[in-house]
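Text of structure.txt (compact mmCIF, C-alpha atoms and all ligand atoms) as supplied:
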# COMPACT_ATOMS: atom_id res chain seq x y z
CA MET A 1 62.17 -58.05 -72.93
CA ASN A 2 63.99 -59.34 -69.84
CA GLU A 3 64.20 -56.42 -67.36
CA LYS A 4 67.55 -57.47 -65.93
CA VAL A 5 69.13 -57.41 -69.40
CA GLN A 6 67.47 -54.11 -70.26
CA ARG A 7 68.97 -52.49 -67.15
CA TYR A 8 72.34 -54.00 -67.96
CA ILE A 9 72.29 -52.60 -71.50
CA ARG A 10 71.32 -49.12 -70.31
CA GLU A 11 74.18 -49.20 -67.82
CA LEU A 12 76.70 -50.36 -70.45
CA PHE A 13 75.72 -47.70 -72.97
CA SER A 14 75.75 -44.98 -70.29
CA ASN A 15 78.98 -45.81 -68.47
CA ASP A 16 81.21 -48.35 -70.22
CA PRO A 17 83.88 -46.44 -72.23
CA GLU A 18 84.56 -49.39 -74.56
CA VAL A 19 80.89 -49.81 -75.44
CA MET A 20 80.34 -46.07 -75.76
CA ALA A 21 83.24 -45.84 -78.23
CA ASN A 22 82.09 -48.86 -80.27
CA PRO A 23 78.35 -48.94 -79.64
CA THR A 24 77.41 -52.38 -80.95
CA CYS A 25 77.65 -55.63 -79.08
CA TYR A 26 76.30 -59.07 -78.49
CA ILE A 27 75.25 -59.86 -74.96
CA TYR A 28 74.93 -63.45 -73.80
CA ASP A 29 73.04 -64.28 -70.63
CA LEU A 30 74.71 -67.38 -69.21
CA ALA A 31 71.86 -68.01 -66.75
CA GLU A 32 69.48 -68.49 -69.69
CA ILE A 33 71.84 -71.07 -71.23
CA SER A 34 71.88 -72.97 -67.93
CA GLU A 35 68.09 -72.82 -67.79
CA ARG A 36 67.75 -74.43 -71.21
CA ILE A 37 70.29 -77.17 -70.47
CA ARG A 38 68.57 -77.97 -67.18
CA GLU A 39 65.19 -77.99 -68.88
CA ILE A 40 66.38 -80.73 -71.25
CA GLN A 41 67.93 -82.64 -68.37
CA ARG A 42 64.69 -82.40 -66.37
CA TYR A 43 62.62 -84.13 -69.03
CA LYS A 44 64.95 -86.17 -71.16
CA LEU A 45 64.91 -89.96 -71.18
CA ALA A 46 67.79 -91.91 -69.66
CA ASN A 47 68.93 -93.17 -73.09
CA VAL A 48 69.15 -89.63 -74.55
CA SER A 49 72.58 -87.95 -74.66
CA LEU A 50 72.71 -84.18 -75.01
CA TYR A 51 75.50 -82.66 -77.09
CA TYR A 52 76.00 -78.96 -77.80
CA ALA A 53 76.29 -78.02 -81.50
CA MET A 54 78.95 -75.35 -81.08
CA LYS A 55 78.38 -73.90 -84.56
CA ALA A 56 75.40 -72.12 -83.00
CA ASN A 57 77.68 -70.03 -80.80
CA PRO A 58 81.40 -70.74 -80.53
CA ASN A 59 82.19 -67.86 -78.15
CA LEU A 60 84.87 -69.16 -75.76
CA THR A 61 83.13 -68.06 -72.56
CA VAL A 62 79.86 -69.55 -73.78
CA LEU A 63 81.68 -72.81 -74.55
CA GLU A 64 83.35 -72.84 -71.13
CA HIS A 65 79.96 -72.27 -69.57
CA VAL A 66 78.26 -75.03 -71.54
CA LEU A 67 81.09 -77.44 -70.73
CA ALA A 68 80.70 -76.70 -67.03
CA HIS A 69 77.34 -78.50 -67.06
CA ASP A 70 77.49 -82.22 -66.23
CA GLU A 71 74.27 -82.60 -68.24
CA ILE A 72 76.25 -82.03 -71.46
CA ALA A 73 77.60 -85.31 -72.84
CA GLY A 74 79.86 -83.55 -75.30
CA ILE A 75 80.24 -81.23 -78.25
CA GLU A 76 79.29 -81.57 -81.89
CA ILE A 77 81.85 -79.94 -84.16
CA ALA A 78 81.67 -79.09 -87.86
CA SER A 79 85.36 -78.47 -88.48
CA ILE A 80 88.76 -79.08 -86.93
CA GLY A 81 88.87 -75.37 -86.17
CA GLU A 82 85.93 -75.98 -83.84
CA LEU A 83 87.78 -78.89 -82.22
CA GLU A 84 90.73 -76.60 -81.48
CA LYS A 85 88.41 -73.97 -80.10
CA VAL A 86 86.57 -76.31 -77.77
CA ARG A 87 89.85 -77.71 -76.48
CA LYS A 88 90.87 -74.13 -75.70
CA ALA A 89 87.60 -73.75 -73.81
CA GLY A 90 88.65 -76.60 -71.55
CA LEU A 91 87.41 -79.80 -73.15
CA LYS A 92 89.78 -82.47 -71.84
CA GLU A 93 88.51 -85.59 -73.58
CA ASP A 94 88.27 -85.70 -77.38
CA SER A 95 86.14 -88.81 -76.80
CA ARG A 96 83.28 -86.39 -76.04
CA VAL A 97 83.31 -85.00 -79.57
CA LEU A 98 81.15 -85.79 -82.62
CA PHE A 99 82.21 -84.48 -86.03
CA THR A 100 79.52 -83.83 -88.65
CA GLY A 101 79.47 -81.95 -91.94
CA PRO A 102 79.78 -82.54 -95.66
CA GLY A 103 83.12 -81.82 -97.33
CA LYS A 104 85.48 -82.71 -94.50
CA THR A 105 88.96 -82.44 -96.00
CA PRO A 106 91.42 -85.36 -95.83
CA LYS A 107 93.50 -83.28 -93.39
CA GLU A 108 90.48 -82.78 -91.13
CA LEU A 109 89.61 -86.46 -91.28
CA GLU A 110 93.16 -87.36 -90.30
CA GLU A 111 93.04 -85.03 -87.30
CA ALA A 112 89.68 -86.54 -86.28
CA VAL A 113 91.02 -90.10 -86.59
CA ARG A 114 94.21 -89.25 -84.66
CA SER A 115 92.20 -87.55 -81.93
CA LYS A 116 90.00 -90.62 -81.44
CA ILE A 117 86.86 -88.52 -81.17
CA ARG A 118 83.71 -90.44 -80.30
CA PHE A 119 82.08 -90.58 -83.74
CA ILE A 120 82.85 -89.19 -87.15
CA ASN A 121 79.46 -88.72 -88.75
CA VAL A 122 80.22 -89.99 -92.22
CA GLU A 123 78.45 -88.28 -95.08
CA SER A 124 79.54 -90.37 -98.10
CA VAL A 125 81.36 -93.46 -99.34
CA VAL A 126 84.31 -91.27 -100.30
CA GLU A 127 84.63 -90.02 -96.74
CA ALA A 128 84.48 -93.58 -95.36
CA ILE A 129 87.20 -94.75 -97.76
CA ARG A 130 89.43 -91.82 -96.81
CA ILE A 131 88.95 -92.57 -93.09
CA ASN A 132 89.75 -96.24 -93.70
CA GLU A 133 92.98 -95.40 -95.51
CA ILE A 134 94.03 -92.96 -92.80
CA ALA A 135 93.34 -95.53 -90.05
CA LYS A 136 95.33 -98.17 -91.92
CA ARG A 137 98.30 -95.81 -92.31
CA LEU A 138 98.15 -94.82 -88.63
CA ASN A 139 97.73 -98.40 -87.45
CA ILE A 140 94.40 -97.70 -85.84
CA ALA A 141 92.28 -100.85 -85.77
CA LYS A 142 88.81 -99.30 -85.92
CA VAL A 143 87.30 -95.84 -86.27
CA ASN A 144 83.79 -95.47 -84.86
CA ILE A 145 81.39 -93.77 -87.22
CA LEU A 146 77.71 -92.97 -87.60
CA LEU A 147 76.37 -93.05 -91.15
CA ARG A 148 74.44 -89.95 -92.09
CA VAL A 149 71.32 -90.83 -94.04
CA ASN A 150 68.90 -88.54 -95.86
CA ILE A 151 65.68 -90.52 -95.49
CA ASN A 152 62.70 -90.13 -97.79
CA TYR A 153 60.60 -88.00 -95.49
CA TYR A 154 60.08 -84.24 -95.62
CA LEU A 155 59.17 -83.03 -92.17
CA ASP A 156 57.34 -79.86 -93.20
CA GLY A 157 57.44 -77.10 -90.57
CA ALA A 158 61.10 -76.12 -90.15
CA SER A 159 63.07 -72.99 -90.97
CA GLU A 160 65.82 -74.83 -92.89
CA TYR A 161 66.01 -78.34 -94.36
CA MET A 162 69.03 -80.65 -94.53
CA ALA A 163 67.17 -83.78 -95.62
CA GLY A 164 63.91 -85.08 -97.05
CA MET A 165 64.84 -83.31 -100.28
CA SER A 166 67.88 -83.28 -102.55
CA THR A 167 70.79 -81.93 -100.46
CA LYS A 168 74.54 -82.49 -100.14
CA MET A 169 74.08 -83.88 -96.63
CA GLY A 170 74.46 -87.59 -95.95
CA ILE A 171 73.66 -90.60 -98.11
CA ASP A 172 70.40 -90.67 -100.01
CA GLN A 173 68.07 -93.41 -98.79
CA SER A 174 67.83 -94.76 -102.36
CA ARG A 175 71.60 -95.45 -102.33
CA PHE A 176 71.75 -96.58 -98.73
CA TYR A 177 72.05 -100.36 -99.14
CA ASP A 178 74.62 -100.16 -101.96
CA ASP A 179 76.71 -97.60 -100.09
CA TYR A 180 76.34 -99.48 -96.82
CA LYS A 181 77.72 -102.63 -98.45
CA ILE A 182 80.87 -100.79 -99.59
CA ILE A 183 81.40 -99.05 -96.25
CA SER A 184 80.73 -102.12 -94.11
CA GLU A 185 83.46 -104.01 -95.96
CA LEU A 186 86.11 -101.42 -95.04
CA GLU A 187 88.41 -103.08 -92.51
CA HIS A 188 89.01 -100.11 -90.21
CA ILE A 189 85.49 -98.77 -90.06
CA ASN A 190 83.09 -99.60 -87.25
CA ILE A 191 79.52 -98.48 -88.07
CA CYS A 192 77.83 -97.78 -84.73
CA GLY A 193 74.62 -96.19 -85.94
CA PHE A 194 72.95 -93.52 -87.99
CA HIS A 195 72.90 -89.75 -88.07
CA VAL A 196 69.63 -88.33 -89.40
CA PHE A 197 69.57 -84.58 -88.75
CA ALA A 198 66.88 -83.29 -91.11
CA ALA A 199 65.83 -79.76 -90.25
CA ASP A 200 66.51 -76.74 -88.11
CA GLY A 201 64.14 -74.45 -86.23
CA VAL A 202 61.18 -76.72 -85.53
CA LEU A 203 58.95 -75.16 -82.90
CA ASP A 204 56.25 -77.82 -82.91
CA TYR A 205 57.37 -80.97 -81.09
CA GLU A 206 54.83 -83.14 -82.96
CA ILE A 207 56.71 -82.59 -86.22
CA LEU A 208 59.88 -83.98 -84.69
CA ILE A 209 57.99 -86.93 -83.20
CA ARG A 210 56.47 -87.80 -86.60
CA TYR A 211 59.98 -87.60 -88.02
CA ALA A 212 61.34 -89.85 -85.25
CA ASP A 213 58.66 -92.38 -86.15
CA GLU A 214 59.74 -92.33 -89.81
CA VAL A 215 63.40 -92.69 -88.82
CA PHE A 216 62.63 -95.64 -86.55
CA LYS A 217 60.67 -97.27 -89.40
CA PHE A 218 63.74 -96.84 -91.62
CA VAL A 219 66.07 -98.21 -88.92
CA GLN A 220 63.81 -101.20 -88.28
CA GLU A 221 63.93 -102.09 -91.99
CA ALA A 222 67.66 -101.41 -92.25
CA GLU A 223 68.44 -103.63 -89.25
CA LYS A 224 67.19 -106.64 -91.23
CA VAL A 225 70.22 -106.10 -93.47
CA VAL A 226 72.81 -104.33 -91.31
CA GLY A 227 72.12 -105.99 -87.95
CA ASN A 228 71.58 -104.23 -84.65
CA VAL A 229 72.16 -100.49 -84.55
CA ASP A 230 73.17 -98.97 -81.20
CA VAL A 231 72.98 -95.24 -81.80
CA ILE A 232 70.61 -92.87 -83.57
CA ASP A 233 71.76 -89.26 -83.74
CA PHE A 234 68.92 -86.83 -84.53
CA GLY A 235 71.20 -83.77 -84.68
CA GLY A 236 69.57 -80.51 -83.64
CA GLY A 237 66.32 -78.88 -84.60
CA PHE A 238 64.45 -77.71 -81.47
CA GLY A 239 63.26 -74.25 -82.50
CA ILE A 240 62.91 -70.93 -80.75
CA ASP A 241 60.20 -68.36 -81.43
CA TYR A 242 61.38 -65.31 -83.40
CA THR A 243 58.17 -63.41 -82.68
CA LYS A 244 57.14 -61.53 -79.58
CA ALA A 245 54.50 -64.22 -78.96
CA GLY A 246 57.26 -66.15 -77.15
CA ARG A 247 56.13 -69.72 -77.90
CA HIS A 248 58.37 -72.30 -76.31
CA PHE A 249 59.29 -75.73 -77.69
CA ASP A 250 57.45 -78.24 -75.50
CA THR A 251 60.40 -80.32 -74.30
CA LYS A 252 58.36 -82.18 -71.68
CA THR A 253 55.81 -83.55 -74.15
CA TYR A 254 58.48 -84.13 -76.79
CA PHE A 255 60.34 -86.52 -74.50
CA GLU A 256 57.13 -88.18 -73.29
CA GLU A 257 56.13 -88.84 -76.90
CA LEU A 258 59.65 -89.86 -77.89
CA GLY A 259 59.52 -92.44 -75.09
CA LYS A 260 56.26 -93.86 -76.47
CA THR A 261 57.64 -93.94 -80.02
CA LEU A 262 60.80 -95.73 -78.89
CA LYS A 263 58.63 -98.26 -77.10
CA LYS A 264 56.51 -98.83 -80.21
CA TYR A 265 59.64 -100.02 -82.03
CA SER A 266 61.23 -101.67 -78.94
CA PHE A 267 64.14 -99.24 -79.35
CA GLU A 268 64.44 -98.24 -75.68
CA GLY A 269 67.89 -99.85 -75.55
CA LYS A 270 69.35 -97.60 -78.24
CA GLU A 271 71.23 -94.43 -77.44
CA ILE A 272 69.51 -91.37 -78.87
CA ILE A 273 71.79 -88.41 -79.44
CA LEU A 274 70.62 -84.80 -79.65
CA GLU A 275 73.06 -82.15 -80.87
CA LEU A 276 71.21 -78.99 -79.95
CA GLY A 277 72.42 -75.51 -80.82
CA LYS A 278 69.70 -72.94 -81.27
CA PHE A 279 67.56 -74.16 -78.36
CA ILE A 280 70.47 -73.97 -75.91
CA VAL A 281 71.89 -70.56 -76.81
CA GLY A 282 69.42 -68.78 -79.12
CA SER A 283 67.28 -67.05 -76.50
CA ALA A 284 70.31 -66.16 -74.38
CA GLY A 285 71.67 -63.70 -76.94
CA TYR A 286 70.92 -60.04 -77.68
CA TYR A 287 72.26 -58.00 -80.57
CA VAL A 288 72.53 -54.40 -79.39
CA THR A 289 73.39 -51.34 -81.43
CA GLN A 290 72.98 -47.59 -81.14
CA ILE A 291 70.98 -45.34 -83.47
CA VAL A 292 73.44 -42.97 -85.18
CA ASP A 293 71.00 -41.29 -87.55
CA ILE A 294 67.36 -41.20 -88.63
CA LYS A 295 66.45 -40.32 -92.22
CA ASP A 296 63.11 -39.31 -93.67
CA CYS A 297 63.21 -40.18 -97.35
CA LYS A 298 60.43 -40.24 -99.93
CA GLY A 299 57.73 -40.96 -97.40
CA MET A 300 59.48 -43.47 -95.17
CA LYS A 301 61.80 -43.25 -92.19
CA HIS A 302 65.07 -45.14 -91.91
CA ILE A 303 66.72 -45.77 -88.57
CA VAL A 304 70.48 -46.05 -89.19
CA THR A 305 72.42 -47.98 -86.56
CA ALA A 306 76.14 -48.40 -85.86
CA GLY A 307 76.02 -52.08 -86.86
CA GLY A 308 74.20 -53.76 -89.72
CA VAL A 309 74.28 -57.05 -91.57
CA ASN A 310 78.06 -57.08 -91.16
CA HIS A 311 77.31 -57.92 -87.51
CA MET A 312 73.85 -59.41 -87.74
CA ARG A 313 73.19 -61.18 -91.01
CA LEU A 314 70.71 -63.83 -89.83
CA PRO A 315 67.45 -61.85 -90.23
CA ILE A 316 68.08 -60.79 -93.83
CA ALA A 317 69.68 -64.15 -94.72
CA THR A 318 66.64 -66.09 -93.53
CA ASP A 319 64.03 -63.42 -94.33
CA ARG A 320 62.87 -63.68 -90.73
CA LYS A 321 62.82 -60.72 -88.38
CA HIS A 322 63.86 -60.87 -84.72
CA PRO A 323 61.85 -59.14 -82.00
CA VAL A 324 62.96 -55.50 -81.79
CA TYR A 325 63.02 -53.35 -78.64
CA ILE A 326 64.09 -49.71 -78.30
CA ILE A 327 65.77 -48.49 -75.12
CA GLU A 328 65.39 -44.75 -74.85
CA MET A 329 68.60 -42.98 -73.79
CA GLY A 330 67.50 -39.35 -73.75
CA VAL A 331 70.46 -38.05 -75.79
CA PRO A 332 69.98 -34.31 -76.52
CA ASN A 333 69.06 -33.30 -80.08
CA LEU A 334 71.81 -31.89 -82.34
CA TYR A 335 69.45 -29.38 -83.91
CA GLU A 336 65.96 -28.11 -83.49
CA GLY A 337 63.46 -30.21 -85.41
CA GLN A 338 65.77 -33.25 -85.52
CA ILE A 339 63.98 -36.21 -87.13
CA GLU A 340 62.63 -38.86 -84.77
CA VAL A 341 60.22 -41.77 -85.05
CA SER A 342 56.82 -41.72 -83.42
CA ASN A 343 54.33 -44.55 -84.03
CA GLU A 344 55.65 -45.30 -87.50
CA THR A 345 56.72 -48.28 -89.55
CA VAL A 346 60.41 -48.06 -90.43
CA ASP A 347 63.40 -50.01 -91.70
CA ILE A 348 66.32 -50.44 -89.30
CA GLU A 349 69.55 -50.42 -91.23
CA GLY A 350 73.29 -50.50 -90.66
CA PRO A 351 76.15 -48.35 -91.94
CA LEU A 352 76.92 -50.36 -95.10
CA CYS A 353 76.54 -48.76 -98.52
CA MET A 354 73.92 -51.21 -99.71
CA THR A 355 70.15 -51.17 -99.43
CA GLU A 356 69.95 -54.79 -98.26
CA ASP A 357 71.80 -53.80 -95.09
CA LYS A 358 68.69 -54.17 -92.94
CA ILE A 359 68.62 -55.72 -89.49
CA SER A 360 64.84 -55.24 -89.45
CA TRP A 361 62.27 -53.94 -91.90
CA ASN A 362 58.64 -52.77 -91.90
CA GLU A 363 59.04 -52.57 -88.16
CA PRO A 364 56.38 -50.69 -86.20
CA ILE A 365 58.19 -48.46 -83.72
CA GLU A 366 56.43 -46.52 -81.00
CA HIS A 367 59.21 -44.05 -80.37
CA ALA A 368 62.89 -43.78 -81.28
CA ARG A 369 65.46 -41.00 -81.33
CA ILE A 370 69.11 -40.70 -82.31
CA GLY A 371 71.22 -42.12 -79.46
CA ASP A 372 68.61 -44.68 -78.44
CA ILE A 373 69.50 -48.35 -78.41
CA VAL A 374 68.06 -50.99 -80.71
CA VAL A 375 67.96 -54.51 -79.26
CA LEU A 376 67.25 -57.63 -81.31
CA THR A 377 66.44 -60.52 -79.02
CA GLN A 378 66.78 -64.26 -79.86
CA SER A 379 70.27 -63.49 -81.17
CA GLY A 380 72.41 -66.05 -79.39
CA ALA A 381 72.60 -68.61 -82.21
CA TYR A 382 74.01 -68.30 -85.74
CA CYS A 383 74.28 -64.51 -85.43
CA PHE A 384 77.77 -63.29 -84.51
CA SER A 385 79.71 -66.11 -86.17
CA ALA A 386 77.45 -66.36 -89.25
CA SER A 387 77.82 -62.68 -90.13
CA THR A 388 80.12 -61.05 -92.68
CA LEU A 389 82.11 -59.45 -89.91
CA TRP A 390 84.93 -57.96 -91.96
CA PHE A 391 82.79 -56.51 -94.73
CA LEU A 392 83.72 -52.80 -95.02
CA SER A 393 86.15 -53.16 -92.11
CA HIS A 394 83.88 -51.69 -89.50
CA GLU A 395 84.75 -52.43 -85.89
CA MET A 396 83.73 -55.86 -84.67
CA PRO A 397 80.81 -55.97 -82.26
CA LEU A 398 81.92 -56.62 -78.72
CA GLU A 399 80.83 -59.89 -77.14
CA ILE A 400 79.80 -59.49 -73.52
CA VAL A 401 78.52 -62.14 -71.15
CA ILE A 402 76.25 -61.68 -68.18
CA LYS A 403 77.54 -64.19 -65.66
C1 LIG A 501 74.84 -81.70 -87.96
C2 LIG A 501 74.18 -80.67 -87.14
N1 LIG A 501 73.89 -80.95 -85.85
C3 LIG A 501 73.28 -80.03 -85.07
C4 LIG A 501 72.93 -78.79 -85.55
C5 LIG A 501 72.28 -77.81 -84.62
O1 LIG A 501 71.02 -77.51 -85.02
P1 LIG A 501 70.07 -76.56 -84.15
O2 LIG A 501 70.81 -75.31 -83.92
O3 LIG A 501 68.87 -76.43 -84.98
O4 LIG A 501 69.78 -77.27 -82.86
C6 LIG A 501 73.20 -78.46 -86.89
C7 LIG A 501 72.83 -77.16 -87.44
O5 LIG A 501 72.93 -76.86 -88.59
C8 LIG A 501 73.86 -79.42 -87.71
O6 LIG A 501 74.15 -79.16 -88.98
Here is a file; write its structure as structure tokens.
Ligand SMILES: Cc1ncc(COP(=O)(O)O)c(C=O)c1O
Amino acid sequence: MNEKVQRYIRELFSNDPEVMANPTCYIYDLAEISERIREIQRYKLANVSLYYAMKANPNLTVLEHVLAHDEIAGIEIASIGELEKVRKAGLKEDSRVLFTGPGKTPKELEEAVRSKIRFINVESVVEAIRINEIAKRLNIAKVNILLRVNINYYLDGASEYMAGMSTKMGIDQSRFYDDYKIISELEHINICGFHVFAADGVLDYEILIRYADEVFKFVQEAEKVVGNVDVIDFGGGFGIDYTKAGRHFDTKTYFEELGKTLKKYSFEGKEIILELGKFIVGSAGYYVTQIVDIKDCKGMKHIVTAGGVNHMRLPIATDRKHPVYIIEMGVPNLYEGQIEVSNETVDIEGPLCMTEDKISWNEPIEHARIGDIVVLTQSGAYCFSASTLWFLSHEMPLEIVIK
């Protein structure tokens, strides 16, 4: 684990009264976020635009920090609530916003049309008709959209799938030409391209390149009917490693291979959009909580921490553990013979009255005592905001940034 962050955590839990009173927090290392954005910028092709998928981490300071990078073309939102939040974080131009997500309400669509965001990523005929009616009523000549398509290709090797199987996302490839015909005849709709986000958490760049090849094949065929397409939005998907092995998505080779694949289809003139979330913020985040008790029950030890799945739901929700580190704090024992952990395999659980309240399980721990700190790394994306924060009305975890 990053030494700088480890020192910072020890300091917080030793001296910061707010943290000591409510000993669970998320820590976000802004330098790591900058590193990831610059890494993409270093290798990306000139026709690739990098957007930040703010659903991954909508913390205001994180958003402000992301927006401060010229390398970021804009923000991908999944609700109008996110639009309001990113405006609060300092986004001046709504024209830097993309709006994706199934089930956008008519009210949300109206706000998106009024705001003249760059693209509404349209997920169905119904959505397109609603947008058209809104634009007509508001006297807006054209609304720029990307059509989200679920192509017939399953890109095996991700942690979650949005396409390539039956999902609610986008238009099924088998309906594409019929639906396209209806949408293309709507007077106020301007179809600028396709949105094809298929899967999240892909660590192997070759999988995404094979998918890009399949998408380009689809686009090449579709262009015979729909004419030239300017934009292809791949969504997110660059993975991070949730093991201590620390594998890193090979951005350099990904972009080299993407360049070759674009060339194969003579697509170098198209804009390729990436809406990355996890890759930009995932490794920058740490979930940190203090051990309040240790139980020895029917042959197994349970480390009980101040925060559980109410703060950190991602591991149990995805059945995927995060790397765990213990920071020893040397807190005196409350009684002689107090239970501690020494080279044992334990569950690490929160304060909720349910057995599924585990932030890690079957975890080999070298040494841990009451008062020590448990750190789950790789916790910057889909952790704080995707947790059931008000369940049992425990205190919220603090969110702290290292600037
Ligand atoms: C439409 C869309 N774009 C981008 C992303 C970001 O994906 P990731 O965090 O894998 O980069 C998501 C995540 O679910 C998404 O639904």
Q: May I have the residues within 9 Å of Glu214 of chain A as an MDAnalysis selection string, using all atoms listed in the file and disregarding those fewer than 4 positions away in the same chain?
A: chainID A and resid 151:153 209:210 218:219
Q | Test item: residues no farther than 7 Å from ligand LIG 501 (chain A), counting all atoms listed in the file, as a ChimeraX atom specification | A | /A:53,56,76,100-101,197,199-201,235-239,275-279
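You can rank A:Ala198, A:Val309, A:Ile33, A:Ile183 by their closest distance to Glu160 of chain A using all atoms listed in the file, and at the top of that list sits A:Ala198.
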Q. Which protein, DNA or RNA residues have an atom at most 12 Å from (75.2, -60.0, -74.0), counting only C-alpha atoms? List them as a ChimeraX atom specification.
A. /A:2,4-9,12,19,24-33,59,61-62,281-289,375-380,384,397-403
Q: Please indicate the distance in Å from atom CA of Glu206 of chain A to atom CA of Asn47 of chain A, rounded to one decimal place.
A: 19.9 Å
Q.
For Ser14 of chain A, find every residue with an atom within 12 Å (counting only C-alpha atoms), except residues of its own chain fewer than 4 positions away, and show them as a PyMOL selection string.
A. chain A and resi 7-10+18-21+23+290+327-331+371-373
Q | Atomic separation - atom CA of Pro364 of chain A relative to atom CA of Val341 of chain A, Å | A | 9.8 Å
Q: Counting only C-alpha atoms, figure out which residue out of A:Ala68, A:Ala135, A:Ala222, A:Val202 gets nearest to Glu111 of chain A.
A: A:Ala135
Q | Among listed residues A:Phe216, A:Ser342, A:Ala78, A:Glu336, nearest Lys263 of chain A (using only C-alpha atoms) | A |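 Closest residue, counting only C-alpha atoms: A:Phe216.
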Protein, DNA and RNA residues within 6 Å of (72.1, -87.9, -96.1), all atoms listed in the file, as a PDB file with C-alpha atoms, keeping the file's coordinate frame:
ATOM      1  CA  ARG A 148      74.440 -89.950 -92.090  1.00  0.00           C
ATOM      2  CA  VAL A 149      71.320 -90.830 -94.040  1.00  0.00           C
ATOM      3  CA  ASN A 150      68.900 -88.540 -95.860  1.00  0.00           C
ATOM      4  CA  MET A 169      74.080 -83.880 -96.630  1.00  0.00           C
ATOM      5  CA  GLY A 170      74.460 -87.590 -95.950  1.00  0.00           C
ATOM      6  CA  ILE A 171      73.660 -90.600 -98.110  1.00  0.00           C
ATOM      7  CA  ASP A 172      70.400 -90.670-100.010  1.00  0.00           C
TER       8      ASP A 172
END
Q | Coordinates-based distance that separates atom CA of Tyr325 of chain A from atom CA of Cys353 of chain A (Å, one decimal) | A |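 Spanning atom CA of Cys353 of chain A to atom CA of Tyr325 of chain A is a straight-line distance of 24.5 Å.
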**Q.** Minimum-distance residue to Glu221 of chain A, chosen among A:Leu146, A:Ala306, A:Phe176, A:Ala386 (using all atoms listed in the file)
**A.** A:Phe176
Q. Of the candidates A:Ile129, A:Leu208, A:Ile359, A:Met396, which one gets nearest to Val304 of chain A if we count only C-alpha atoms?
A. A:Ile359
**Q.** Counting all atoms listed in the file, the option among A:Ser159, A:Ser95, A:Gln173, A:Ser385 closest to Asn144 of chain A
**A.**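 Of A:Ser159, A:Ser95, A:Gln173, A:Ser385, the one nearest Asn144 of chain A is A:Ser95, counting all atoms listed in the file.
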Atom completion result for segment 169-178 of chain A (N, CA, C and O atoms) as a compact mmCIF listing (two decimals), in the frame of the given file:
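Here's the written file result11.txt:
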# COMPACT_ATOMS: atom_id res chain seq x y z
N MET A 169 73.85 -83.27 -97.94
CA MET A 169 74.08 -83.88 -96.63
C MET A 169 73.76 -85.38 -96.64
O MET A 169 72.68 -85.79 -97.05
N GLY A 170 74.72 -86.18 -96.17
CA GLY A 170 74.46 -87.59 -95.95
C GLY A 170 74.31 -88.42 -97.21
O GLY A 170 74.59 -87.97 -98.33
N ILE A 171 73.84 -89.64 -97.01
CA ILE A 171 73.66 -90.60 -98.11
C ILE A 171 72.17 -90.70 -98.40
O ILE A 171 71.36 -90.88 -97.48
N ASP A 172 71.82 -90.58 -99.65
CA ASP A 172 70.40 -90.67 -100.01
C ASP A 172 69.87 -92.06 -99.67
O ASP A 172 70.55 -93.06 -99.91
N GLN A 173 68.65 -92.11 -99.16
CA GLN A 173 68.07 -93.41 -98.79
C GLN A 173 68.08 -94.38 -99.99
O GLN A 173 68.28 -95.57 -99.82
N SER A 174 67.89 -93.87 -101.19
CA SER A 174 67.83 -94.76 -102.36
C SER A 174 69.18 -95.43 -102.65
O SER A 174 69.25 -96.44 -103.32
N ARG A 175 70.27 -94.85 -102.12
CA ARG A 175 71.60 -95.45 -102.33
C ARG A 175 72.07 -96.19 -101.09
O ARG A 175 73.17 -96.75 -101.07
N PHE A 176 71.26 -96.15 -100.03
CA PHE A 176 71.75 -96.58 -98.73
C PHE A 176 72.33 -97.99 -98.73
O PHE A 176 73.45 -98.21 -98.28
N TYR A 177 71.58 -98.98 -99.28
CA TYR A 177 72.05 -100.36 -99.14
C TYR A 177 73.32 -100.61 -99.96
O TYR A 177 74.22 -101.33 -99.51
N ASP A 178 73.41 -100.01 -101.15
CA ASP A 178 74.62 -100.16 -101.96
C ASP A 178 75.83 -99.53 -101.26
O ASP A 178 76.89 -100.13 -101.16
